[in-house]
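Trainee: Have a peek at coords.txt (compact mmCIF, C-alpha atoms and all ligand atoms).
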# COMPACT_ATOMS: atom_id res chain seq x y z
CA MET A 106 0.00 0.00 0.00
CA LYS A 107 2.91 2.28 0.71
CA THR A 108 4.45 2.02 -2.75
CA GLN A 109 1.41 1.27 -4.97
CA ASP A 110 -1.21 3.55 -3.42
CA ALA A 111 -1.53 5.84 -6.46
CA ASN A 112 -1.76 2.89 -8.84
CA PHE A 113 -4.54 1.25 -6.82
CA SER A 114 -6.53 4.35 -5.95
CA SER A 115 -9.34 3.97 -8.50
CA ARG A 116 -12.49 1.97 -7.96
CA PRO A 117 -13.69 -0.44 -10.64
CA LEU A 118 -16.78 0.52 -12.64
CA LEU A 119 -19.54 -1.78 -11.38
CA PRO A 120 -23.25 -1.88 -12.19
CA LEU A 121 -23.81 -1.00 -8.52
CA SER A 122 -21.73 2.19 -8.69
CA ASN A 123 -23.03 3.14 -12.11
CA ILE A 124 -26.72 2.53 -11.50
CA VAL A 125 -27.25 3.25 -7.81
CA PHE A 126 -24.59 5.92 -7.23
CA TYR A 127 -25.66 8.30 -9.98
CA GLY A 128 -23.18 7.16 -12.65
CA CYS A 129 -20.28 6.95 -10.15
CA THR A 130 -20.51 10.63 -9.24
CA ASP A 131 -20.38 10.07 -5.49
CA LEU A 132 -17.08 10.23 -3.62
CA PHE A 133 -16.61 6.50 -3.06
CA PHE A 134 -16.83 5.44 -6.71
CA SER A 135 -15.67 8.52 -8.61
CA ASP A 136 -12.22 9.13 -9.96
CA GLY A 137 -9.77 11.70 -11.39
CA VAL A 138 -10.21 15.48 -11.19
CA TYR A 139 -13.86 15.20 -10.11
CA TRP A 140 -12.95 12.88 -7.20
CA ARG A 141 -10.05 15.15 -6.12
CA GLN A 142 -12.43 18.12 -6.07
CA LEU A 143 -15.00 16.26 -3.92
CA ARG A 144 -12.28 15.01 -1.61
CA ARG A 145 -11.06 18.61 -1.10
CA ILE A 146 -14.59 19.77 -0.27
CA CYS A 147 -14.92 16.91 2.23
CA ASN A 148 -11.60 17.52 3.96
CA THR A 149 -11.79 21.29 4.19
CA ASP A 150 -15.49 21.82 4.71
CA LEU A 151 -18.06 18.99 4.63
CA LEU A 152 -16.48 16.64 7.17
CA CYS A 153 -13.96 19.00 8.82
CA LYS A 154 -13.41 19.15 12.59
CA LYS A 155 -15.37 22.37 13.07
CA ARG A 156 -18.47 21.00 11.36
CA VAL A 157 -18.24 17.62 13.10
CA ASN A 158 -17.94 19.40 16.48
CA SER A 159 -20.91 21.58 15.60
CA PHE A 160 -23.10 18.44 15.48
CA ALA A 161 -22.33 17.58 19.13
CA PRO A 162 -25.82 18.68 20.36
CA ILE A 163 -27.45 16.41 17.75
CA ARG A 164 -25.34 13.48 18.89
CA GLN A 165 -26.17 14.16 22.55
CA ASP A 166 -29.87 14.43 21.84
CA GLU A 167 -30.01 11.20 19.84
CA ILE A 168 -27.81 9.33 22.33
CA LEU A 169 -30.06 10.44 25.18
CA SER A 170 -33.14 9.26 23.35
CA THR A 171 -31.49 5.84 22.77
CA LEU A 172 -30.47 5.66 26.44
CA ARG A 173 -34.11 6.29 27.38
CA GLU A 174 -35.24 3.47 25.09
CA PHE A 175 -32.73 1.11 26.67
CA TYR A 176 -33.92 2.24 30.09
CA ARG A 177 -37.52 1.35 29.22
CA ASP A 178 -36.31 -2.02 27.89
CA SER A 179 -34.30 -2.61 31.06
CA LEU A 180 -37.49 -2.54 33.15
CA ASP A 181 -38.63 -5.76 31.43
CA ARG A 182 -35.26 -7.45 32.05
CA ARG A 183 -35.66 -9.04 28.63
CA PRO A 184 -33.01 -9.22 25.86
CA VAL A 185 -33.08 -6.35 23.34
CA ASN A 186 -31.73 -6.30 19.82
CA PHE A 187 -28.67 -4.14 20.42
CA CYS A 188 -27.56 -4.07 16.75
CA VAL A 189 -30.84 -2.64 15.46
CA LYS A 190 -30.99 0.08 18.11
CA VAL A 191 -27.39 1.18 17.60
CA ALA A 192 -27.75 1.15 13.80
CA LYS A 193 -30.83 3.38 14.13
CA LEU A 194 -28.97 5.71 16.45
CA VAL A 195 -26.16 6.14 13.90
CA ASN A 196 -28.70 6.63 11.12
CA ASN A 197 -30.61 9.27 13.08
CA ILE A 198 -27.41 11.16 13.87
CA LEU A 199 -26.42 11.08 10.20
CA SER A 200 -29.88 12.21 9.04
CA ARG A 201 -30.03 15.15 11.38
CA SER A 202 -26.43 16.15 10.62
CA ALA A 203 -27.27 15.98 6.92
CA PHE A 204 -30.75 17.51 6.73
CA LYS A 205 -31.48 19.05 10.18
CA GLU A 206 -34.39 16.64 10.76
CA ARG A 207 -34.62 12.88 10.77
CA CYS A 208 -35.50 11.74 7.22
CA LYS A 209 -39.21 11.36 6.68
CA ASN A 210 -38.55 8.00 5.06
CA GLN A 211 -35.94 7.03 7.60
CA GLU A 212 -37.07 3.41 7.99
CA ARG A 213 -37.21 2.89 4.25
CA LEU A 214 -33.80 4.49 3.69
CA PHE A 215 -32.41 2.25 6.41
CA GLU A 216 -33.82 -0.81 4.58
CA ILE A 217 -32.52 0.34 1.21
CA ILE A 218 -29.01 0.89 2.55
CA LYS A 219 -29.09 -2.73 3.74
CA GLN A 220 -30.29 -3.84 0.30
CA ILE A 221 -27.52 -1.90 -1.45
CA SER A 222 -25.02 -3.67 0.74
CA GLN A 223 -26.53 -7.07 -0.08
CA VAL A 224 -27.16 -6.66 -3.80
CA GLY A 225 -23.95 -4.72 -4.27
CA SER A 226 -21.69 -7.21 -2.57
CA GLY A 227 -20.14 -10.10 -4.40
CA PHE A 228 -19.61 -10.09 -8.12
CA GLY A 229 -22.21 -10.32 -10.84
CA LEU A 230 -21.10 -11.85 -14.13
CA SER A 231 -20.92 -8.45 -15.76
CA ASP A 232 -18.53 -7.01 -13.15
CA PRO A 233 -15.39 -8.70 -14.47
CA PHE A 234 -16.87 -9.22 -17.98
CA PRO A 235 -18.91 -6.10 -18.92
CA SER A 236 -19.70 -7.61 -22.34
CA LEU A 237 -21.81 -10.24 -20.51
CA SER A 238 -24.04 -7.61 -18.92
CA TRP A 239 -27.06 -9.08 -20.76
CA MET A 240 -26.72 -12.16 -18.50
CA ASP A 241 -27.05 -10.06 -15.38
CA VAL A 242 -30.44 -8.58 -16.21
CA LYS A 243 -32.18 -9.51 -12.95
CA ARG A 244 -29.54 -7.92 -10.78
CA ARG A 245 -29.47 -4.76 -12.90
CA ARG A 246 -33.26 -4.43 -12.64
CA LYS A 247 -33.00 -4.75 -8.88
CA LEU A 248 -30.30 -2.06 -8.81
CA GLU A 249 -32.44 0.22 -10.99
CA THR A 250 -35.40 -0.19 -8.62
CA ILE A 251 -33.15 0.61 -5.66
CA HIS A 252 -31.84 3.70 -7.44
CA ARG A 253 -35.32 5.00 -8.25
CA GLU A 254 -36.35 4.66 -4.64
CA VAL A 255 -33.16 6.21 -3.27
CA ASP A 256 -33.52 9.08 -5.70
CA MET A 257 -37.09 9.76 -4.60
CA ILE A 258 -36.06 9.86 -0.94
CA MET A 259 -33.04 12.08 -1.59
CA ASP A 260 -35.09 14.37 -3.83
CA GLU A 261 -37.69 14.86 -1.17
CA GLU A 262 -35.13 15.61 1.56
CA VAL A 263 -33.06 17.92 -0.61
CA ASN A 264 -36.09 19.90 -1.85
CA GLU A 265 -37.55 20.19 1.64
CA HIS A 266 -34.26 21.48 3.00
CA ARG A 267 -33.78 23.94 0.17
CA LYS A 268 -37.19 25.46 0.86
CA MET A 269 -36.28 26.06 4.51
CA PRO A 270 -35.50 29.73 5.31
CA LYS A 271 -31.78 30.40 5.79
CA GLU A 272 -32.15 31.40 9.47
CA GLN A 273 -33.62 28.00 10.26
CA LYS A 274 -30.66 26.24 8.71
CA MET A 275 -28.02 28.15 10.68
CA ARG A 276 -27.19 27.21 14.21
CA ASP A 277 -25.55 29.37 16.89
CA ASP A 278 -22.10 28.76 15.46
CA GLU A 279 -23.31 29.71 11.94
CA MET A 280 -22.47 26.27 10.59
CA GLY A 281 -24.95 24.69 8.23
CA TYR A 282 -25.86 21.03 7.88
CA LEU A 283 -24.03 18.64 5.52
CA LEU A 284 -26.42 19.39 2.67
CA ASP A 285 -25.86 23.16 3.13
CA ALA A 286 -22.10 22.67 2.87
CA LEU A 287 -22.54 20.92 -0.49
CA MET A 288 -25.10 23.43 -1.77
CA GLU A 289 -22.74 26.28 -0.86
CA ALA A 290 -19.88 24.60 -2.73
CA LYS A 291 -22.20 24.21 -5.72
CA GLU A 292 -23.31 27.82 -5.66
CA ARG A 293 -19.89 29.41 -5.00
CA GLY A 294 -19.12 28.73 -8.64
CA ASP A 295 -15.34 28.38 -8.22
CA LEU A 296 -15.18 24.64 -8.93
CA ASP A 297 -13.26 23.19 -11.89
CA ILE A 298 -16.19 20.84 -12.53
CA PRO A 299 -19.50 22.43 -11.48
CA LEU A 300 -21.64 20.27 -9.21
CA THR A 301 -25.15 19.30 -10.25
CA LEU A 302 -28.01 18.41 -7.95
CA ASP A 303 -27.57 14.73 -8.86
CA ASN A 304 -23.91 14.94 -7.81
CA ILE A 305 -25.01 16.29 -4.45
CA LYS A 306 -27.57 13.53 -3.99
CA ALA A 307 -24.83 11.00 -4.84
CA VAL A 308 -22.57 12.37 -2.09
CA MET A 309 -25.46 12.42 0.39
CA LEU A 310 -26.08 8.77 -0.43
CA ASP A 311 -22.41 8.10 0.38
CA VAL A 312 -22.89 9.71 3.76
CA PHE A 313 -25.65 7.22 4.57
CA PHE A 314 -24.06 4.23 2.90
CA ALA A 315 -20.44 4.72 3.94
CA GLY A 316 -21.33 6.24 7.29
CA SER A 317 -23.89 3.69 8.42
CA ASP A 318 -21.61 0.71 8.83
CA THR A 319 -17.99 -0.27 8.75
CA SER A 320 -16.25 -2.01 5.91
CA SER A 321 -13.63 -4.69 6.29
CA ALA A 322 -12.53 -4.98 2.69
CA THR A 323 -12.27 -2.47 -0.11
CA LEU A 324 -12.26 -2.76 -3.85
CA GLU A 325 -9.63 -0.98 -5.95
CA LEU A 326 -8.51 -1.07 -9.57
CA CYS A 327 -4.94 -1.47 -10.83
CA LYS A 328 -4.34 1.47 -13.22
CA ASP A 329 -0.92 0.51 -14.61
CA THR A 330 0.58 -2.97 -14.89
CA CYS A 331 2.86 -3.54 -11.90
CA GLU A 332 4.82 -6.18 -10.00
CA LEU A 333 3.56 -7.26 -6.58
CA LEU A 334 5.25 -9.99 -4.51
CA GLY A 335 6.69 -11.42 -7.71
CA TYR A 336 3.34 -11.45 -9.55
CA THR A 337 2.59 -9.31 -12.58
CA ILE A 338 -0.70 -7.50 -12.04
CA PRO A 339 -2.09 -6.32 -15.41
CA SER A 340 -3.69 -2.89 -15.55
CA GLY A 341 -7.45 -3.08 -15.11
CA THR A 342 -7.24 -5.87 -12.50
CA TYR A 343 -9.67 -5.65 -9.59
CA ALA A 344 -7.87 -5.79 -6.27
CA ILE A 345 -9.57 -6.51 -2.98
CA ILE A 346 -7.62 -5.22 -0.02
CA ASN A 347 -8.63 -7.43 2.88
CA TYR A 348 -8.37 -5.25 6.00
CA TRP A 349 -10.02 -8.03 8.01
CA ALA A 350 -7.19 -10.46 7.25
CA LEU A 351 -4.51 -7.86 8.01
CA ALA A 352 -6.03 -7.33 11.44
CA ARG A 353 -5.80 -11.06 12.18
CA ASP A 354 -2.35 -11.82 10.81
CA PRO A 355 -0.38 -13.72 13.49
CA GLN A 356 2.79 -12.29 11.97
CA TYR A 357 1.80 -8.91 13.42
CA TRP A 358 -0.53 -9.76 16.31
CA THR A 359 -0.03 -11.84 19.43
CA ASP A 360 -3.02 -14.16 19.99
CA ALA A 361 -4.40 -12.79 16.73
CA GLU A 362 -7.82 -14.45 17.05
CA GLU A 363 -8.38 -13.45 20.68
CA PHE A 364 -10.66 -10.58 21.68
CA LYS A 365 -8.24 -8.51 23.77
CA PRO A 366 -9.19 -4.84 23.66
CA GLU A 367 -6.45 -4.15 26.21
CA ARG A 368 -3.91 -4.70 23.44
CA PHE A 369 -4.74 -1.14 22.32
CA GLU A 370 -4.44 0.34 25.81
CA HIS A 371 -1.12 2.08 25.42
CA GLY A 372 -1.94 3.44 21.97
CA SER A 373 0.92 1.59 20.29
CA VAL A 374 -1.13 0.82 17.15
CA ASP A 375 -2.53 3.80 15.30
CA PHE A 376 -5.90 3.45 13.51
CA ARG A 377 -5.50 6.43 11.19
CA GLY A 378 -3.84 4.65 8.31
CA ASN A 379 -0.24 4.61 9.51
CA ASN A 380 -0.03 1.00 10.72
CA PHE A 381 -1.03 -1.32 7.91
CA GLU A 382 -1.91 -4.20 10.26
CA PHE A 383 -4.90 -2.21 11.53
CA LEU A 384 -6.84 -0.18 8.98
CA PRO A 385 -10.47 0.28 10.10
CA PHE A 386 -10.61 3.50 8.05
CA GLY A 387 -8.35 2.37 5.22
CA ALA A 388 -5.14 4.16 4.28
CA GLY A 389 -3.67 6.44 1.64
CA ARG A 390 -5.59 8.50 -0.89
CA ARG A 391 -8.84 6.59 -0.56
CA MET A 392 -8.80 6.58 3.22
CA CYS A 393 -12.15 7.32 4.87
CA PRO A 394 -12.85 11.09 4.89
CA GLY A 395 -15.56 10.55 7.54
CA ILE A 396 -13.14 9.44 10.24
CA LEU A 397 -13.83 12.43 12.55
CA LEU A 398 -17.62 12.07 12.29
CA GLY A 399 -17.42 8.28 12.64
CA MET A 400 -15.14 8.43 15.68
CA ALA A 401 -17.18 11.17 17.41
CA THR A 402 -20.37 9.12 17.01
CA ILE A 403 -18.85 5.83 18.16
CA GLU A 404 -16.84 7.24 21.07
CA GLU A 405 -19.67 9.31 22.50
CA ALA A 406 -22.35 6.63 22.09
CA LEU A 407 -20.15 3.87 23.53
CA ALA A 408 -19.07 5.97 26.52
CA TYR A 409 -22.70 6.72 27.50
CA LEU A 410 -23.92 3.17 26.89
CA LEU A 411 -21.17 1.73 29.08
CA LEU A 412 -21.45 4.36 31.78
CA HIS A 413 -25.20 4.07 32.29
CA PHE A 414 -25.85 0.36 31.81
CA ASP A 415 -24.47 -3.02 32.72
CA TRP A 416 -24.86 -5.34 29.74
CA ARG A 417 -25.48 -9.05 30.16
CA LEU A 418 -25.86 -11.84 27.60
CA PRO A 419 -29.09 -13.86 27.79
CA ASP A 420 -28.38 -17.05 29.81
CA GLU A 421 -28.75 -19.42 26.87
CA ILE A 422 -26.19 -17.45 24.83
CA GLY A 423 -23.85 -17.10 27.79
CA GLU A 424 -23.64 -20.91 27.91
CA LYS A 425 -23.09 -21.41 24.16
CA GLY A 426 -20.84 -18.41 23.64
CA LEU A 427 -21.43 -15.64 21.13
CA ASP A 428 -22.11 -16.59 17.51
CA MET A 429 -19.65 -14.45 15.56
CA THR A 430 -20.61 -15.75 12.09
CA GLU A 431 -20.61 -12.97 9.50
CA GLY A 432 -23.62 -12.18 7.36
CA PHE A 433 -23.54 -11.75 3.57
CA GLY A 434 -23.08 -8.18 2.39
CA ALA A 435 -20.59 -5.49 1.42
CA ILE A 436 -20.09 -4.97 5.11
CA SER A 437 -19.13 -7.85 7.38
CA ALA A 438 -21.85 -7.33 9.94
CA ARG A 439 -22.72 -10.21 12.26
CA LYS A 440 -25.18 -12.75 10.86
CA GLU A 441 -27.14 -13.11 14.07
CA PRO A 442 -27.93 -9.81 15.78
CA LEU A 443 -26.49 -9.25 19.24
CA HIS A 444 -29.14 -9.50 21.97
CA LEU A 445 -28.25 -8.05 25.36
CA ILE A 446 -30.04 -7.39 28.64
CA PRO A 447 -29.41 -3.86 29.94
CA THR A 448 -29.50 -3.00 33.65
CA LEU A 449 -29.36 0.63 34.67
CA ARG A 450 -26.15 1.41 36.59
CA VAL A 451 -25.92 5.20 36.70
CA PRO A 452 -29.09 7.38 36.42
CA LEU A 453 -29.57 8.89 32.97
CA PRO A 454 -28.34 12.43 32.32
CA SER A 455 -30.79 15.19 31.50
CA PHE A 456 -28.26 17.11 29.33
C1 LIG A 501 -16.65 4.18 12.23
C2 LIG A 501 -17.10 4.61 11.09
C3 LIG A 501 -16.45 4.41 9.76
C4 LIG A 501 -15.56 3.45 9.34
C5 LIG A 501 -14.95 2.32 10.14
C6 LIG A 501 -15.27 3.72 7.94
C7 LIG A 501 -14.42 2.96 7.14
C8 LIG A 501 -14.12 3.25 5.82
C9 LIG A 501 -13.26 2.46 4.98
C10 LIG A 501 -12.51 1.20 5.41
C11 LIG A 501 -13.22 3.04 3.76
C12 LIG A 501 -12.46 2.53 2.51
C13 LIG A 501 -11.08 3.09 2.50
C14 LIG A 501 -10.27 2.58 1.32
O1 LIG A 501 -10.82 2.34 0.23
O2 LIG A 501 -9.05 2.42 1.50
C15 LIG A 501 -14.07 4.21 3.82
C16 LIG A 501 -14.27 5.07 2.77
C17 LIG A 501 -15.16 6.10 2.80
N1 LIG A 501 -15.89 6.54 3.88
FE1 LIG A 501 -15.87 5.76 5.75
N2 LIG A 501 -15.98 4.83 7.55
C18 LIG A 501 -16.70 5.29 8.64
C19 LIG A 501 -17.50 6.40 8.70
C20 LIG A 501 -17.77 7.24 7.64
C21 LIG A 501 -18.65 8.39 7.69
C22 LIG A 501 -19.38 8.89 8.95
C23 LIG A 501 -18.68 8.92 6.43
C24 LIG A 501 -19.39 10.12 5.89
C25 LIG A 501 -20.18 10.88 6.52
C26 LIG A 501 -17.80 8.10 5.59
C27 LIG A 501 -17.57 8.31 4.26
C28 LIG A 501 -16.68 7.58 3.48
C29 LIG A 501 -16.45 7.85 2.07
C30 LIG A 501 -17.14 8.92 1.24
C31 LIG A 501 -15.48 6.94 1.65
C32 LIG A 501 -14.86 6.83 0.24
C33 LIG A 501 -13.66 7.74 0.16
C34 LIG A 501 -12.95 7.72 -1.20
O3 LIG A 501 -13.07 6.74 -1.92
O4 LIG A 501 -12.28 8.73 -1.50
N3 LIG A 501 -17.28 7.11 6.37
N4 LIG A 501 -14.61 4.32 5.08
Would it be possible to restate this file's structure as structure tokens?
Ligand code: HEM
Mentor:
Amino acid sequence: MKTQDANFSSRPLLPLSNIVFYGCTDLFFSDGVYWRQLRRICNTDLLCKKRVNSFAPIRQDEILSTLREFYRDSLDRRPVNFCVKVAKLVNNILSRSAFKERCKNQERLFEIIKQISQVGSGFGLSDPFPSLSWMDVKRRRKLETIHREVDMIMDEEVNEHRKMPKEQKMRDDEMGYLLDALMEAKERGDLDIPLTLDNIKAVMLDVFFAGSDTSSATLELCKDTCELLGYTIPSGTYAIINYWALARDPQYWTDAEEFKPERFEHGSVDFRGNNFEFLPFGAGRRMCPGILLGMATIEEALAYLLLHFDWRLPDEIGEKGLDMTEGFGAISARKEPLHLIPTLRVPLPSF
């Protein structure tokens, strides 16, 4: 990754990226000058520290509402589906950071993001052999249906937000929401490649897709033929960088398969793309631009959830041990959702 980053920094053109992500005009799947321009907007404005910090009240509000839900559940002493609740929390935080309000079609968007992950993962015949695209008709139709629905949801949110008076979109610190940042970039008129409304919807879709879950592998394209570990990799080859495997390589990790969070205690392994054995956010040019927003959400939510509740596994699972099988999808989420029984430990804050 250190020496071949530039060569492997394009994404392959897939039916998923072309059909669902507005002809690859989002940040994840785009390339070249257009991608560099979006990346600059993300780093300096859209996902910068100041804007991420400005969403702190949204995060607090949503975290508190989730804590209250867990509190109500704790009164029954019955297991709750922890995965679903936390995924909704993240989605609500993203929606309100993006559009000010939770999406009107929040549940549906949530479902569609899951579908994109499922339909988009794995290879269709036409991915490596575009000339065989006629054999992949069913999958393409499914992707087209997904796109139409995503577009309707994005359209509605974007139009609603655009109609909102400016004063309502500004908060005390004068920072707008994610959509405002993109609209401002569009209207400033100093971009090499002007942004269209579809481009903005594509980036907003990235926010929900890339921000809603974590990835453990990433797909890149070899631009120029090169030599890797003695193999010749022809240009145009798809490369899958398996971050999951790197993080379990016994060459770099003691007790590689053991869950030992204390191994990170003294901060010896960096997670910001400098230590290749641990790349939750990737590394190099294509590294995740949402790292600040992602970390703020995870750190704050986890701290409150652990402070206020004790978490216990249901007895029957405690005996068998946790099922860590991975589900099918672009994101290696667990196959069986995690059920836990919360018990209040510290009274909830009122903020
Ligand atoms: C804990 C949360 C997150 C994790 C673990 C994560 C992880 C990743 C990973 C592994 C990649 C691929 C890097 C590569 O190809 O080398 C990526 C890319 C990306 N992430 Fe994240 N991400 C998170 C949160 C977010 C959030 C909150 C956003 C946006 C609001 C976001 C937006 C993106 C985008 C747009 C890309 C593509 C960047 C490009 O290709 O230039 N991510 N992320």
Trainee: Have a look at A:Phe369, A:Phe234, A:Tyr357, A:Phe383 and name the one nearest to ligand LIG 501 (chain A); count only C-alpha atoms and all ligand atoms.
Mentor: A:Phe383
Trainee: Can you work out the spacing between CA of Ile163 in chain A and CA of Asn196 in chain A in Å, to one decimal?
Mentor: 11.9 Å
Trainee: Rank nothing, just name the residue among A:Phe414, A:Tyr343, A:Tyr348, A:Phe175 nearest to Val451 in chain A, using all atoms listed in the file.
Mentor: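 Looking only at the distances to Val451 in chain A, the closest residue turns out to be A:Phe414.
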Trainee: Name the residues in contact with Lys274 in chain A at a cut-off of 12 Å, using only C-alpha atoms, excluding same-chain residues fewer than 4 positions from it; report them as a list in words.
Mentor: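 The residues that qualify are Arg201, Ser202, Ala203, Phe204, Lys205, Glu206, Glu265, His266, Arg267, Lys268, Met269, Pro270, Asp278, Glu279, Met280, Gly281, Tyr282, Leu283, Leu284, Asp285 and Ala286 of chain A.
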Trainee: Find the residue from A:Asn186, A:Leu398, A:Asp311, A:Glu167 that sits nearest to Arg207 in chain A; use all atoms listed in the file when measuring.
Mentor: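 Smallest separation from Arg207 in chain A among the options: A:Glu167.
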Trainee: Counting all atoms listed in the file, what are the residues of chain A within 6 Å of ligand LIG 501 (chain A), and for each of them which pair of atoms is the nearest and at what distance in Å, to one decimal? Sort the table by chain and rising number, as JSON lines.
Mentor:
{"residue": "A:Leu132", "atom": "CA", "partner": "A:LIG501", "partner_atom": "C30", "distance": 5.0}
{"residue": "A:Phe133", "atom": "CA", "partner": "A:LIG501", "partner_atom": "O3", "distance": 3.7}
{"residue": "A:Asp311", "atom": "CA", "partner": "A:LIG501", "partner_atom": "C30", "distance": 5.4}
{"residue": "A:Val312", "atom": "CA", "partner": "A:LIG501", "partner_atom": "C25", "distance": 4.0}
{"residue": "A:Ala315", "atom": "CA", "partner": "A:LIG501", "partner_atom": "C26", "distance": 4.6}
{"residue": "A:Gly316", "atom": "CA", "partner": "A:LIG501", "partner_atom": "C21", "distance": 3.5}
{"residue": "A:Thr319", "atom": "CA", "partner": "A:LIG501", "partner_atom": "C5", "distance": 4.2}
{"residue": "A:Ser320", "atom": "CA", "partner": "A:LIG501", "partner_atom": "C10", "distance": 5.0}
{"residue": "A:Thr323", "atom": "CA", "partner": "A:LIG501", "partner_atom": "O1", "distance": 5.0}
{"residue": "A:Pro385", "atom": "CA", "partner": "A:LIG501", "partner_atom": "C5", "distance": 4.9}
{"residue": "A:Phe386", "atom": "CA", "partner": "A:LIG501", "partner_atom": "C7", "distance": 4.0}
{"residue": "A:Gly387", "atom": "CA", "partner": "A:LIG501", "partner_atom": "O2", "distance": 3.8}
{"residue": "A:Ala388", "atom": "CA", "partner": "A:LIG501", "partner_atom": "O2", "distance": 5.1}
{"residue": "A:Arg391", "atom": "CA", "partner": "A:LIG501", "partner_atom": "O4", "distance": 4.2}
{"residue": "A:Met392", "atom": "CA", "partner": "A:LIG501", "partner_atom": "C13", "distance": 4.2}
{"residue": "A:Cys393", "atom": "CA", "partner": "A:LIG501", "partner_atom": "C16", "distance": 3.7}
{"residue": "A:Pro394", "atom": "CA", "partner": "A:LIG501", "partner_atom": "C28", "distance": 5.4}
{"residue": "A:Gly395", "atom": "CA", "partner": "A:LIG501", "partner_atom": "C23", "distance": 3.7}
{"residue": "A:Ile396", "atom": "CA", "partner": "A:LIG501", "partner_atom": "C19", "distance": 5.5}
{"residue": "A:Leu398", "atom": "CA", "partner": "A:LIG501", "partner_atom": "C22", "distance": 4.9}
{"residue": "A:Gly399", "atom": "CA", "partner": "A:LIG501", "partner_atom": "C2", "distance": 4.0}
{"residue": "A:Met400", "atom": "CA", "partner": "A:LIG501", "partner_atom": "C1", "distance": 5.7}
Trainee: Please produce an output containing C-alpha atoms for each residue in the selection, written as a PDB file, in the coordinates of the input.
Mentor:
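What ended up in out00.pdb:
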ATOM      1  CA  LEU A 132     -17.080  10.230  -3.620  1.00  0.00           C
ATOM      2  CA  PHE A 133     -16.610   6.500  -3.060  1.00  0.00           C
ATOM      3  CA  ASP A 311     -22.410   8.100   0.380  1.00  0.00           C
ATOM      4  CA  VAL A 312     -22.890   9.710   3.760  1.00  0.00           C
ATOM      5  CA  ALA A 315     -20.440   4.720   3.940  1.00  0.00           C
ATOM      6  CA  GLY A 316     -21.330   6.240   7.290  1.00  0.00           C
ATOM      7  CA  THR A 319     -17.990  -0.270   8.750  1.00  0.00           C
ATOM      8  CA  SER A 320     -16.250  -2.010   5.910  1.00  0.00           C
ATOM      9  CA  THR A 323     -12.270  -2.470  -0.110  1.00  0.00           C
ATOM     10  CA  PRO A 385     -10.470   0.280  10.100  1.00  0.00           C
ATOM     11  CA  PHE A 386     -10.610   3.500   8.050  1.00  0.00           C
ATOM     12  CA  GLY A 387      -8.350   2.370   5.220  1.00  0.00           C
ATOM     13  CA  ALA A 388      -5.140   4.160   4.280  1.00  0.00           C
ATOM     14  CA  ARG A 391      -8.840   6.590  -0.560  1.00  0.00           C
ATOM     15  CA  MET A 392      -8.800   6.580   3.220  1.00  0.00           C
ATOM     16  CA  CYS A 393     -12.150   7.320   4.870  1.00  0.00           C
ATOM     17  CA  PRO A 394     -12.850  11.090   4.890  1.00  0.00           C
ATOM     18  CA  GLY A 395     -15.560  10.550   7.540  1.00  0.00           C
ATOM     19  CA  ILE A 396     -13.140   9.440  10.240  1.00  0.00           C
ATOM     20  CA  LEU A 398     -17.620  12.070  12.290  1.00  0.00           C
ATOM     21  CA  GLY A 399     -17.420   8.280  12.640  1.00  0.00           C
ATOM     22  CA  MET A 400     -15.140   8.430  15.680  1.00  0.00           C
TER      23      MET A 400
END
Trainee: When you look at Ile403 in chain A with a cut-off of 12 Å (counting all atoms listed in the file), what residues show up, excluding the ones that are within fewer than 5 positions of it in the same chain? I need them as a list in words.
Mentor: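 Here the qualifying residues turn out to be Arg164, Gln165, Ile168, Val191, Ala192, Leu194, Val195, Ile198, Gly316, Ser317, Asp318, Thr319, Ile396, Leu397, Leu398, Ala408, Tyr409, Leu410 and Leu411 of chain A.
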Trainee: Trp358 in chain A: which residues within 12 Å, counting all atoms listed in the file, same-chain residues fewer than 6 positions away excluded, as a compact mmCIF listing (two decimals) with C-alpha atoms, in the coordinates of the input?
Mentor:
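Wrote out-v8.txt, looks like this:
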# COMPACT_ATOMS: atom_id res chain seq x y z
CA ALA A 350 -7.19 -10.46 7.25
CA LEU A 351 -4.51 -7.86 8.01
CA ALA A 352 -6.03 -7.33 11.44
CA PHE A 364 -10.66 -10.58 21.68
CA LYS A 365 -8.24 -8.51 23.77
CA ARG A 368 -3.91 -4.70 23.44
CA PHE A 369 -4.74 -1.14 22.32
CA VAL A 374 -1.13 0.82 17.15
CA PHE A 381 -1.03 -1.32 7.91
CA GLU A 382 -1.91 -4.20 10.26
CA PHE A 383 -4.90 -2.21 11.53
Trainee: For CA of Pro454 in chain A and CA of Ser170 in chain A, determine how far apart the two atoms are, in Å to one decimal place.
Mentor: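 Separation between CA of Pro454 in chain A and CA of Ser170 in chain A: 10.7 Å.
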Trainee: Nearest to Asn380 in chain A: which of A:Lys107, A:Asp360, A:Gly341, A:Val125 is it, counting only C-alpha atoms?
Mentor: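 The shortest atom-to-atom distance to Asn380 in chain A comes from A:Lys107.
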Trainee: Can you pull out the residues contacting Gln142 in chain A? Cut-off 12 Å, using all atoms listed in the file, and skip same-chain residues under 2 positions away; I want them as a list in words.
Mentor: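 So, after excluding close chain neighbours, the residues are Thr130, Asp131, Leu132, Ser135, Asp136, Gly137, Val138, Tyr139, Trp140, Arg144, Arg145, Ile146, Cys147, Asn148, Thr149, Asp150, Leu287, Ala290, Lys291, Asp295, Leu296, Asp297, Ile298, Pro299 and Leu300 of chain A.
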